[in-house]
Structures are given as C-alpha cells and as structure tokens.
Amino acid sequence: MQKPRLPALSAANVQYFLLLNLGQILTAAGAHFFKTPNHLAMGGTTGISIIASSLLENMNMGTFMLILNAALVALGLMFLDFKTMSATIYSSFALSAFIMLFEQIWPMSAPLTDDLFLEFCFAVILPAAGSALLFNIGASSGGTDIVALILQKKTSLEIGKALFVSDFLIALAAGALYGVRTCLYCVLGLLFKAFVMDGVIDGINVRKQVTVVSHEPQCILAFIMDELHRSATVYPASGAYTHEALQVITTVLGRRESVRLRDFIRKNDPHAFITIVNSSETIGKGFRAI
C-alpha cells in the first residue's frame with residue numbers, strides 16, 4: 001500500500017513561519033538583553049516575569065514566563081475555540097523558549113552598558129519591531145493577547161484601553177520595586193512602543209504609486225510589463241491648457257522598481273510628467289493578499 005504523501009510546504013507558509021520566528025526572536029532579544037537587566041517592566045507577560053524573577057529566588061525570567069504563558073493558554077482554551085488559539089499557543093511558548101535559550105547562551109548578570117537611555121531605546125525598538133512583524137502577518141506574541149481575546153468575546157470592554165491600564169499598573173509595580181526613574185522609563189516605553197510599531201509596519205508595507213502623463217505611453221508600458229513584470233492602468237486625458245490628447249499611466253511598484261521606471265522615463269520620454277507617492281497599504285494581485 002502506497003503511503004499517503006504529506007502536503008508540500010508552499011513558499012508563503014515557509015515565509016510565514018520564518019517571519020513568525022523572527023518576530024519572536026527580536027522580542028525575546030529585547031526582553032533578555034535590555035529589559036531584564038535594567039528592570040524595564042513595560043507591561044505584558046514580560047513585565048510581570050521581570051518583576052517575578054526579582055521577587056522569587058532561583059526563578060529566572062524565561063522559566064516564570066513559560067509557567068505564566070502555560071496558565072494563560074489553559075485559560076484561553078477554556079473560553080476560546082482551538083482554531084482561535086492555535087497560532088497563539090505556538091507564539092506563547094516560542095517566545096518563552098527563545099528567552100530561555102538566550103539565558104543559557106548569554107546570561108545577563110548586569111546591563112550591557114552603563115547608559116540607561118541607550119538600553120531603554122533598544123528595549124523599546126527590538127520588541128516593537130518584533131511585534132510589528134507578528135502583527136503584519138496576522139499573528140501575535142501570545143501572553144496578554146489571550147486575555148484581550150477573552151475580554152473581547154465575553155465583555156463589552158474597550159480592549160486597547162483595558163490592556164493599557166494593565167500595562168500601566170505593571171509599570172507602577174516596577175516603580176514601587178525599582179524606583180521612580182525605572183517607573184518613568186517604563187511608562188515612556190509603553191507610549192513609544194505604539195509609534196515604533198506603526199513606523200515599522202508602514203516601512204514594511206510601503207509601496208510607490210507612480211502616475212505618468214505621457215503623449216506616447218507605449219514604451220513606458222512595455223518597460224513596466226516586460227522589465228518590471230508589473231501591470232498598470234491606462235486611461236485617456238487631455239491637457240487643461242493645451243487640450244492635447246494624453247495618456248495617464250498608474251502603477252504600484254516597490255522602491256527599486258520605481259527608481260528604475262523613473263530613470264527609464266527620464267531617458268526615453270523626457271517630456272512626460274511623473275508623480276511618485278507612498279502607499280502604506282497595497283492589497284491585490286502581486287502584492288498583499290486580501
């Protein structure tokens with residue numbers, strides 16, 4: 001009897017898995033190398049674990065975080081369906097595993113530098129970039145996101161405000177334990193994280209919307225389709241002053257592609273009018289799936 005074949009992994013699945021783990025690694029690196037040594041408990045399960053590792057003897061951050069995430073996963077399975085929880089379960093335990101791996105490879109008994117502000121910047125940027133990667137592919141780092149999903153399903157609370165309040169309380173607890181300066185840095189980190197995440201997501205998804213007004217668009221269209229392997233939309237227009245018949249070409253390209261098209265047009269149709277603007281979200285064939 002012939003054995004059943006396992007379904008082949010698609011390129012999209014491999015990319016998803018790689019980005020999922022890259023996001024977790026960045027988050028774990030920020031927590032281990034910069035948050036924990038400086039007691040920057042900026043909310044979430046990492047913040048709780050930083051505080052707990054200080055209060056409990058012989059308990060490192062990764063171990064406590066693993067226990068806490070296991071409890072949250074069990075809670076999630078009680079109130080949410082398995083389909084909703086499947087990706088979150090992996091994310092929760094992967095983040096804990098990466099932190100524990102960093103703790104084994106490079107134990108941190110003290111901060112890397114004596115510059116708290118520099119450490120704070122990396123404590124915000126690395127986890128924010130990791131969370132942005134996860135959010136951009138429709139995943140999360142688990143942890144308090146499970147609580148958010150439960151609250152969203154069972155109550156009418158505004159989830160964003162509820163999570164901010166809980167993170168703020170964790171920051172206050174860090175202040176009570178480590179001092180006012182640490183508390184202020186934690187609160188500042190909560191505010192900065194949202195801006196960094198938005199910036200990273202916009203940077204990942206940004207595309208260039210190119211509009212070209214030309215008398216003879218054929219060579220431009222040929223370059224777009226044959227050299228850049230993209231498509232375009234063409235529609236007739238006329239000059240408001242000269243009333244000349246014109247063609248308008250609109251296409252969406254990557255950064256390098258837009259530069260190549262701009263240089264080609266400058267060389268081959270110097271009288272063409274070109275505008276290039278940023279598009280932070282492009283959905284459709286050849287770009288992000290709907």
# chains A, B, ... in the order shown; residues from 1 in each chain; ligands from 1
$ select_by_dssp --residues "region 144-268 of chain A" --states "strand (DSSP E or B)" --output "NGL selection string"
:A and (207-214 or 233-238 or 245-253)
$ select_by_dssp --residues "region 13-209 of chain A" --states "alpha helix (DSSP H)" --output "number ranges by chain"
A: 13-30, 44-55, 61-79, 82-105, 116-136, 144-154, 159-178, 180-205
$ residues_around --residues "Gly179 (chain A)" --least-positions-apart "5" --cutoff "12 Å" --atoms "only C-alpha atoms" --output "list in words"
Asn38, His39, Leu40, Ala41, Ala171, Leu172, Ala173, Ala174, Leu184, Tyr185 and Cys186 of chain A
$ closest_residue --among "A:Val234, A:Val252, A:Met61, A:Leu188" --to "Gln104 (chain A)" --atoms "only C-alpha atoms"
A:Met61
$ residues_around --residues "Ile99 (chain A)" --least-positions-apart "2" --cutoff "10 Å" --atoms "only C-alpha atoms" --output "VMD selection string"
chain A and resid 24 to 25 27 to 33 46 60 to 63 65 to 66 93 to 97 101 to 105
$ write_last_selection --atoms "N, CA and C atoms" --output "compact mmCIF listing (two decimals), in the first residue's frame"
# COMPACT_ATOMS: atom_id res chain seq x y z
N GLN A 24 9.48 36.70 17.06
CA GLN A 24 9.67 36.20 18.42
C GLN A 24 11.10 36.40 18.89
N ILE A 25 12.06 36.17 18.00
CA ILE A 25 13.48 36.32 18.37
C ILE A 25 13.81 37.77 18.72
N THR A 27 11.71 40.05 19.80
CA THR A 27 11.04 40.35 21.07
C THR A 27 11.81 39.75 22.24
N ALA A 28 12.25 38.50 22.07
CA ALA A 28 12.99 37.82 23.13
C ALA A 28 14.34 38.50 23.39
N ALA A 29 15.03 38.93 22.32
CA ALA A 29 16.32 39.60 22.48
C ALA A 29 16.17 40.92 23.23
N GLY A 30 15.14 41.68 22.88
CA GLY A 30 14.90 42.94 23.59
C GLY A 30 14.61 42.72 25.06
N ALA A 31 13.83 41.67 25.36
CA ALA A 31 13.48 41.38 26.76
C ALA A 31 14.70 40.91 27.55
N HIS A 32 15.47 40.00 26.95
CA HIS A 32 16.59 39.41 27.70
C HIS A 32 17.78 40.35 27.86
N PHE A 33 18.18 40.99 26.77
CA PHE A 33 19.41 41.79 26.80
C PHE A 33 19.21 43.19 27.35
N THR A 46 6.06 39.75 29.79
CA THR A 46 7.48 40.01 30.04
C THR A 46 7.66 40.92 31.26
N ASN A 60 14.33 32.44 37.05
CA ASN A 60 14.70 33.38 36.00
C ASN A 60 13.47 33.77 35.19
N MET A 61 13.66 34.77 34.34
CA MET A 61 12.54 35.33 33.60
C MET A 61 11.90 34.31 32.66
N GLY A 62 12.74 33.58 31.93
CA GLY A 62 12.21 32.63 30.95
C GLY A 62 11.36 31.55 31.58
N THR A 63 11.80 31.03 32.71
CA THR A 63 11.05 29.96 33.38
C THR A 63 9.70 30.46 33.87
N MET A 65 8.06 33.03 32.79
CA MET A 65 7.24 33.38 31.64
C MET A 65 6.61 32.13 31.02
N LEU A 66 7.36 31.02 31.00
CA LEU A 66 6.83 29.76 30.49
C LEU A 66 5.64 29.30 31.33
N PHE A 93 4.59 29.89 23.66
CA PHE A 93 5.69 29.02 24.10
C PHE A 93 6.98 29.30 23.34
N ALA A 94 6.88 29.75 22.08
CA ALA A 94 8.10 30.07 21.32
C ALA A 94 8.84 31.24 21.95
N LEU A 95 8.11 32.27 22.36
CA LEU A 95 8.75 33.43 22.98
C LEU A 95 9.46 33.02 24.27
N SER A 96 8.81 32.22 25.10
CA SER A 96 9.43 31.74 26.33
C SER A 96 10.67 30.90 26.02
N ALA A 97 10.58 30.04 25.00
CA ALA A 97 11.70 29.18 24.63
C ALA A 97 12.90 29.99 24.15
N LEU A 101 16.54 30.20 25.85
CA LEU A 101 17.74 29.90 25.07
C LEU A 101 18.77 31.01 25.23
N PHE A 102 18.34 32.27 25.16
CA PHE A 102 19.26 33.39 25.37
C PHE A 102 19.86 33.34 26.77
N GLU A 103 19.04 32.96 27.76
CA GLU A 103 19.54 32.89 29.14
C GLU A 103 20.64 31.83 29.28
N GLN A 104 20.54 30.76 28.51
CA GLN A 104 21.57 29.71 28.56
C GLN A 104 22.82 30.12 27.80
N ILE A 105 22.64 30.74 26.64
CA ILE A 105 23.78 31.10 25.80
C ILE A 105 24.54 32.30 26.35
$ closest_residue --among "A:Thr45, A:Ser91, A:Thr211, A:Ser109" --to "Ser141 (chain A)" --atoms "only C-alpha atoms"
A:Ser91
$ closest_residue --among "A:Ala240, A:Met59, A:Ala139, A:Ile146" --to "Phe17 (chain A)" --atoms "only C-alpha atoms"
A:Ala139
$ atom_distance --atom1 "CA of Val212 (chain A)" --atom2 "CA of Ser280 (chain A)"
19.9 Å
$ closest_residue --among "A:Ile150, A:Ser49, A:Tyr90, A:Ser166" --to "Met78 (chain A)" --atoms "only C-alpha atoms"
A:Ile150
$ atom_distance --atom1 "CA of His215 (chain A)" --atom2 "CA of Pro236 (chain A)"
10.1 Å
$ closest_residue --among "A:Ser86, A:Pro37, A:Asn268, A:Thr275" --to "Leu112 (chain A)" --atoms "only C-alpha atoms"
A:Pro37
$ closest_residue --among "A:Val73, A:Leu116, A:Cys121, A:Ala176" --to "Asp145 (chain A)" --atoms "only C-alpha atoms"
A:Val73
$ atom_distance --atom1 "CA of Gly23 (chain A)" --atom2 "CA of Arg181 (chain A)"
28.8 Å
$ residues_around --residues "region 216-232 of chain A" --least-positions-apart "6" --cutoff "9 Å" --atoms "only C-alpha atoms" --output "MDAnalysis selection string"
chainID A and resid 246:253 257 260:261 264:265 268:269 272 286
$ residues_around --residues "Asp198 (chain A)" --least-positions-apart "2" --cutoff "12 Å" --atoms "only C-alpha atoms" --output "list of chain:residue names"
A:Ile125, A:Ala128, A:Ala129, A:Gly130, A:Ser131, A:Ala132, A:Leu133, A:Phe135, A:Asn136, A:Leu191, A:Phe192, A:Lys193, A:Ala194, A:Phe195, A:Val196, A:Val200, A:Ile201, A:Asp202, A:Gly203, A:Ile204, A:Asn205, A:Val206, A:Ser280
